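Working notes, structure below.
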Amino acid sequence: MRKALPLASILALALLAPALADDKPNPAADQKAFQTYFIKRFPKVKYEDFVNGPYSMDAGLRKQWEEKEEFPPYEFAVETGKEMFATPFKNGKTYADCFANKGIGIRQNYPYFDEKEGKVVTLELALNRCREANGEAPYNYLKDEMASLTAYMAFTSRDKKMDIKIPDDPRALEAYENGKRYFYTRRGQLNFSCASCHVQSPGEHIRSEVLAPALGIMNAMPIYRSEWSGMGTTSRRLVTCNSQTRAVPLEPQSDEYRDVEYFLSYVANGLPISGPGARP
Amino acid sequence: MSAAKKTAMSVTRNIAFGAVLMIVGAMPARAASEADFKAAMSAAEAAEKQADQLRNKWLTTETQLAAAKKAAAAGDFDAAIAAAREAEALAIASIYQATSEKTRWKDMEVR
């Protein structure tokens, strides 16, 4: 009888172990599962093409987009962003002084986890912090100035592979997990999660729109949207998605939005930057 | 008491009850007061505050809260109470959603 009890305990632990292991965050396993899901579900879509959103899913839209790319609608934003980027602040410094490699070709490294702050830092946030550090007022995260700056920075990073790191820091893992939870959580009166559209239904229509796959969705940011008749930042995209489910959007660059951008960018590691993008 | 007498008494009682109901029904309904509105609004705002703490407010709840305030400001407390109650129901639904999604989100996860 005495021997039977420890044996039973060992068996119980052995049975529980896989379940416990499943609950431990494992971003690398998530990334593999996430990419495999899309690759298997859309075997005809080339791996690198997922970053082109609905155009990777719909032949008719793709044809229109290819023609539009001859005179891309985001071109003005790239030009404006380039000029803004080079224009010195009142103190004589520029954005280049705030970033590695003077801000050129670095989009693929954002967002990153700042171990000093213990939080995720997105490119939009870093740009505004650069402005504030140099005595300038921050830009609105939803408006054209921010979209132009990020459009230029994305343009200089085109074709570079997304390369998001999750440092060996429990806070980084927590931020990643929070982002993942946010992505899969249903919200709003319509009871939709981000995944309802961008994992369960890519390629399908919601009214006249073809839904983009979640894989590589951040690689195309910022985007020119014909629906908006203008450019939109990542912040604008997230806020709009929330409103469309009839949820009250969170404040731009809130922890939740920063974390979900971290999650989505990490699972797209290895895919090329295609931003700025153009969408219907 | 004979069966016929019992039946007659029962019919009389039913007629009397029916008459009372008709009189009550014919009386004008009491107009909702500002106090009723404040009670309904307070309940709705308390529920919405809880939804906010869960970071899960709904646009439709906010719309109904605004409609309730607007109707109350115009002195239409019936409409104000109806909107406040609608807002409370929506806020309660959003609380339920946020609470159940604390674990249910995992059902949707790609593994």
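Letters for chains follow the order of the structure tokens (A, B, ...), residue numbers begin at 1 for each chain, and ligand numbers begin at 1 in the order shown.
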
query: What's the 9 Å shell around Ala40 of chain B, counting only C-alpha atoms, without same-chain residues fewer than 5 positions away, as a ChimeraX atom specification?
result: /B:35,45,80-82,84-85,88

Using N, CA and C atoms, can you export the residues from the last selection as a PDB file, in the first residue's frame?
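This is the output file again.pdb:
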```
ATOM      1  N   ALA B  35     -36.342  60.971 -10.521  1.00  0.00           N
ATOM      2  CA  ALA B  35     -35.726  60.043  -9.557  1.00  0.00           C
ATOM      3  C   ALA B  35     -35.605  58.646 -10.157  1.00  0.00           C
ATOM      4  N   GLU B  45     -24.544  53.257 -15.367  1.00  0.00           N
ATOM      5  CA  GLU B  45     -23.171  53.787 -15.287  1.00  0.00           C
ATOM      6  C   GLU B  45     -22.281  52.894 -14.426  1.00  0.00           C
ATOM      7  N   ALA B  80     -35.684  58.381 -21.465  1.00  0.00           N
ATOM      8  CA  ALA B  80     -34.377  58.356 -20.785  1.00  0.00           C
ATOM      9  C   ALA B  80     -34.192  57.053 -20.019  1.00  0.00           C
ATOM     10  N   ILE B  81     -35.241  56.623 -19.341  1.00  0.00           N
ATOM     11  CA  ILE B  81     -35.145  55.371 -18.567  1.00  0.00           C
ATOM     12  C   ILE B  81     -34.983  54.175 -19.510  1.00  0.00           C
ATOM     13  N   ALA B  82     -35.738  54.189 -20.599  1.00  0.00           N
ATOM     14  CA  ALA B  82     -35.628  53.077 -21.563  1.00  0.00           C
ATOM     15  C   ALA B  82     -34.197  52.977 -22.098  1.00  0.00           C
ATOM     16  N   ALA B  84     -31.459  54.155 -20.658  1.00  0.00           N
ATOM     17  CA  ALA B  84     -30.543  53.791 -19.564  1.00  0.00           C
ATOM     18  C   ALA B  84     -30.603  52.284 -19.306  1.00  0.00           C
ATOM     19  N   ARG B  85     -31.813  51.737 -19.354  1.00  0.00           N
ATOM     20  CA  ARG B  85     -31.941  50.276 -19.134  1.00  0.00           C
ATOM     21  C   ARG B  85     -31.296  49.483 -20.263  1.00  0.00           C
ATOM     22  N   GLU B  88     -27.645  49.594 -19.626  1.00  0.00           N
ATOM     23  CA  GLU B  88     -27.249  48.672 -18.553  1.00  0.00           C
ATOM     24  C   GLU B  88     -27.179  47.231 -19.081  1.00  0.00           C
TER      25      GLU B  88
END
```

- request: Restrict the distance test to only C-alpha atoms, flag each residue of chain A within 10 Å of chain B, and return the flagged residues as a ChimeraX atom specification.
  value: /A:22,29-38,180-191,193,195-196,199-200,242-250,256

Give me the residues near segment 261-278 of chain A as an mmCIF file with C-alpha atoms, in the first residue's frame, where near means some atom within 8 Å (using only C-alpha atoms) and where sequence neighbours in that chain fewer than 2 positions away do not count.
```cif
data_model
loop_
_atom_site.group_PDB
_atom_site.id
_atom_site.type_symbol
_atom_site.label_atom_id
_atom_site.label_comp_id
_atom_site.auth_asym_id
_atom_site.auth_seq_id
_atom_site.Cartn_x
_atom_site.Cartn_y
_atom_site.Cartn_z
ATOM 1 C CA PRO A 27 6.754 31.936 -28.679
ATOM 2 C CA ASP A 30 3.592 29.600 -31.564
ATOM 3 C CA GLN A 31 5.417 31.146 -34.503
ATOM 4 C CA LYS A 32 5.908 27.784 -36.171
ATOM 5 C CA PHE A 34 1.002 30.146 -36.827
ATOM 6 C CA GLN A 35 3.007 30.117 -40.047
ATOM 7 C CA TYR A 47 5.319 32.319 -48.466
ATOM 8 C CA GLU A 48 6.592 35.856 -49.113
ATOM 9 C CA VAL A 51 2.590 40.226 -46.594
ATOM 10 C CA ASN A 52 0.492 41.499 -49.482
ATOM 11 C CA TRP A 65 -3.162 46.384 -57.184
ATOM 12 C CA PRO A 72 1.448 53.885 -55.880
ATOM 13 C CA PRO A 73 -0.933 55.972 -53.779
ATOM 14 C CA TYR A 74 1.487 55.992 -50.810
ATOM 15 C CA ARG A 107 11.668 48.879 -39.609
ATOM 16 C CA GLN A 108 12.009 45.095 -39.345
ATOM 17 C CA TYR A 110 10.173 47.121 -34.476
ATOM 18 C CA PRO A 111 8.495 46.683 -32.091
ATOM 19 C CA TYR A 112 11.153 45.684 -29.607
ATOM 20 C CA VAL A 120 7.168 47.048 -25.781
ATOM 21 C CA THR A 122 6.746 50.389 -31.322
ATOM 22 C CA ALA A 151 5.967 55.108 -44.508
ATOM 23 C CA TYR A 152 9.422 56.449 -45.281
ATOM 24 C CA ALA A 154 9.262 51.178 -43.937
ATOM 25 C CA PHE A 155 10.199 52.043 -47.516
ATOM 26 C CA SER A 157 13.457 48.645 -45.060
ATOM 27 C CA ARG A 158 11.617 46.943 -47.899
ATOM 28 C CA ASP A 159 12.398 43.262 -48.397
ATOM 29 C CA LYS A 160 14.276 43.040 -45.112
ATOM 30 C CA LYS A 161 12.967 40.126 -43.077
ATOM 31 C CA MET A 162 10.935 40.854 -39.976
ATOM 32 C CA ASP A 163 13.252 40.186 -37.060
ATOM 33 C CA ILE A 164 11.550 40.635 -33.708
ATOM 34 C CA LYS A 165 13.354 39.452 -30.596
ATOM 35 C CA ALA A 175 4.002 41.238 -23.028
ATOM 36 C CA TYR A 176 4.052 38.675 -25.829
ATOM 37 C CA GLU A 177 1.406 36.571 -24.067
ATOM 38 C CA GLY A 179 -0.556 40.478 -27.118
ATOM 39 C CA LYS A 180 -1.515 36.947 -28.060
ATOM 40 C CA ALA A 214 -2.967 37.780 -40.020
ATOM 41 C CA LEU A 215 0.379 36.361 -41.129
ATOM 42 C CA GLY A 216 2.462 39.302 -42.307
ATOM 43 C CA ILE A 217 -0.258 41.863 -41.654
ATOM 44 C CA MET A 218 2.168 44.165 -39.784
ATOM 45 C CA ASN A 219 4.819 43.896 -42.503
ATOM 46 C CA ALA A 220 2.739 46.135 -44.788
ATOM 47 C CA MET A 221 2.202 48.959 -42.295
ATOM 48 C CA PRO A 222 1.563 51.814 -42.671
ATOM 49 C CA ILE A 223 -1.028 51.521 -45.424
ATOM 50 C CA TYR A 224 -2.820 53.742 -47.874
ATOM 51 C CA ARG A 225 -6.471 52.743 -47.798
ATOM 52 C CA SER A 226 -8.785 53.770 -50.580
ATOM 53 C CA TYR A 257 -2.038 47.653 -28.735
ATOM 54 C CA ARG A 258 1.726 47.668 -28.259
ATOM 55 C CA ASP A 259 1.628 44.054 -27.118
ATOM 56 C CA PRO A 280 -8.773 48.853 -50.982
#
```

message: Between A:Ser235, A:Thr156, A:Ser201, A:Ser208, which residue has the minimum interatomic distance to Phe85 of chain A, considering only C-alpha atoms?
response: A:Thr156

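Between atom CA of Ala71 of chain B and atom CA of Ala32 of chain B the interatomic distance comes to 12.2 Å.
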
- prompt: Please, what distance in Å, to one decimal, runs between atom CA of Cys130 of chain A and atom CA of Asp114 of chain A?
  reply: 14.9 Å

- request: Go ahead and compute the interatomic distance for atom CA of Tyr95 of chain A and atom CA of Asn109 of chain A, in Å to one decimal.
  value: 16.5 Å

- prompt: Looking at A:Pro213, A:Glu145, A:Phe99, A:Arg237, which one is nearest to Phe50 of chain A, with distances taken over only C-alpha atoms?
  reply: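 Among A:Pro213, A:Glu145, A:Phe99, A:Arg237, it is A:Pro213 that comes nearest to Phe50 of chain A.
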
query: Running DSSP on the backbone, which parts of segment 26-172 of chain A land in helix (DSSP H, G or I), as JSON, numbers by chain?
result: {"A": [27, 28, 29, 30, 31, 32, 33, 34, 35, 36, 37, 38, 39, 40, 41, 47, 48, 49, 50, 51, 52, 53, 54, 55, 56, 59, 60, 61, 62, 63, 64, 65, 66, 67, 68, 75, 76, 77, 78, 79, 80, 81, 82, 83, 84, 85, 86, 95, 96, 97, 98, 100, 101, 102, 103, 107, 108, 109, 123, 124, 125, 126, 127, 128, 129, 130, 131, 132, 133, 144, 145, 146, 147, 148, 149, 150, 151, 152, 153, 154, 155, 170, 171, 172]}

- prompt: Could you pull the residues within 10 Å of Ala83 of chain B, counting only C-alpha atoms, minus those fewer than 2 positions along the same chain, as an MDAnalysis selection string?
  reply: chainID B and resid 37 40:41 44 61 63:72 77:81 85:89

Take the residues just selected and output them with C-alpha atoms as a PDB file, in the first residue's frame.
```
ATOM      1  CA  PHE B  37     -34.249  58.052 -14.307  1.00  0.00           C
ATOM      2  CA  ALA B  40     -31.748  53.636 -13.887  1.00  0.00           C
ATOM      3  CA  MET B  41     -28.814  55.795 -14.995  1.00  0.00           C
ATOM      4  CA  ALA B  44     -26.215  51.669 -16.104  1.00  0.00           C
ATOM      5  CA  THR B  61     -23.530  51.121 -24.602  1.00  0.00           C
ATOM      6  CA  THR B  63     -24.574  55.518 -27.514  1.00  0.00           C
ATOM      7  CA  GLN B  64     -27.442  54.498 -25.228  1.00  0.00           C
ATOM      8  CA  LEU B  65     -25.932  56.324 -22.250  1.00  0.00           C
ATOM      9  CA  ALA B  66     -25.662  59.479 -24.334  1.00  0.00           C
ATOM     10  CA  ALA B  67     -29.253  59.023 -25.558  1.00  0.00           C
ATOM     11  CA  ALA B  68     -30.466  58.613 -21.974  1.00  0.00           C
ATOM     12  CA  LYS B  69     -28.769  61.831 -20.880  1.00  0.00           C
ATOM     13  CA  LYS B  70     -30.125  63.713 -23.895  1.00  0.00           C
ATOM     14  CA  ALA B  71     -33.702  62.518 -23.290  1.00  0.00           C
ATOM     15  CA  ALA B  72     -33.466  63.372 -19.590  1.00  0.00           C
ATOM     16  CA  PHE B  77     -37.876  60.573 -18.584  1.00  0.00           C
ATOM     17  CA  ASP B  78     -39.720  57.613 -20.126  1.00  0.00           C
ATOM     18  CA  ALA B  79     -37.327  57.611 -23.084  1.00  0.00           C
ATOM     19  CA  ALA B  80     -34.377  58.356 -20.785  1.00  0.00           C
ATOM     20  CA  ILE B  81     -35.145  55.371 -18.567  1.00  0.00           C
ATOM     21  CA  ARG B  85     -31.941  50.276 -19.134  1.00  0.00           C
ATOM     22  CA  GLU B  86     -30.769  49.363 -22.615  1.00  0.00           C
ATOM     23  CA  ALA B  87     -27.316  50.705 -21.747  1.00  0.00           C
ATOM     24  CA  GLU B  88     -27.249  48.672 -18.553  1.00  0.00           C
ATOM     25  CA  ALA B  89     -28.208  45.492 -20.423  1.00  0.00           C
TER      26      ALA B  89
END
```

query: For His205 of chain A, which of A:Glu66, A:Glu83, A:Asp58, A:Asp168 is the closest residue, counting only C-alpha atoms?
result: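 Closest residue, counting only C-alpha atoms: A:Asp58.
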
message: Applying 12 Å and only C-alpha atoms, which residues near Thr94 of chain A remain after dropping the ones on its own chain fewer than 2 positions away? List them as an NGL selection string.
response: :A and (82-92 or 96-99 or 102-103 or 127 or 130-136)

message: Env of Glu209 of chain A: 10 Å cut, atoms = only C-alpha atoms, seq-sep filter 3 positions within chain, self excluded. Answer as a PyMOL selection string.
response: chain A and resi 54+203-206+212+227+279-280

Writing out the chosen residues with N, CA and C atoms as a PDB file, in the first residue's frame:
```pdb
ATOM      1  N   PRO A  54      -4.779  41.051 -48.801  1.00  0.00           N
ATOM      2  CA  PRO A  54      -5.870  40.511 -49.625  1.00  0.00           C
ATOM      3  C   PRO A  54      -5.424  40.172 -51.050  1.00  0.00           C
ATOM      4  N   GLY A 203      -9.317  35.927 -46.980  1.00  0.00           N
ATOM      5  CA  GLY A 203      -9.729  35.588 -48.346  1.00  0.00           C
ATOM      6  C   GLY A 203     -11.229  35.677 -48.532  1.00  0.00           C
ATOM      7  N   GLU A 204     -11.970  35.679 -47.429  1.00  0.00           N
ATOM      8  CA  GLU A 204     -13.428  35.791 -47.552  1.00  0.00           C
ATOM      9  C   GLU A 204     -13.831  37.270 -47.501  1.00  0.00           C
ATOM     10  N   HIS A 205     -15.065  37.514 -47.884  1.00  0.00           N
ATOM     11  CA  HIS A 205     -15.548  38.900 -47.924  1.00  0.00           C
ATOM     12  C   HIS A 205     -16.275  39.284 -46.652  1.00  0.00           C
ATOM     13  N   ILE A 206     -16.025  40.511 -46.202  1.00  0.00           N
ATOM     14  CA  ILE A 206     -16.932  41.160 -45.253  1.00  0.00           C
ATOM     15  C   ILE A 206     -17.440  42.358 -46.004  1.00  0.00           C
ATOM     16  N   ALA A 212      -7.686  40.167 -45.004  1.00  0.00           N
ATOM     17  CA  ALA A 212      -6.261  39.846 -45.115  1.00  0.00           C
ATOM     18  C   ALA A 212      -5.894  38.766 -44.108  1.00  0.00           C
ATOM     19  N   GLU A 227     -10.428  53.235 -48.868  1.00  0.00           N
ATOM     20  CA  GLU A 227     -11.594  53.483 -48.014  1.00  0.00           C
ATOM     21  C   GLU A 227     -11.418  54.751 -47.173  1.00  0.00           C
ATOM     22  N   ARG A 279      -4.145  49.383 -49.748  1.00  0.00           N
ATOM     23  CA  ARG A 279      -5.269  48.451 -49.566  1.00  0.00           C
ATOM     24  C   ARG A 279      -6.549  49.104 -50.072  1.00  0.00           C
ATOM     25  N   PRO A 280      -7.518  48.272 -50.444  1.00  0.00           N
ATOM     26  CA  PRO A 280      -8.773  48.853 -50.982  1.00  0.00           C
ATOM     27  C   PRO A 280      -9.480  49.747 -49.968  1.00  0.00           C
TER      28      PRO A 280
END
```
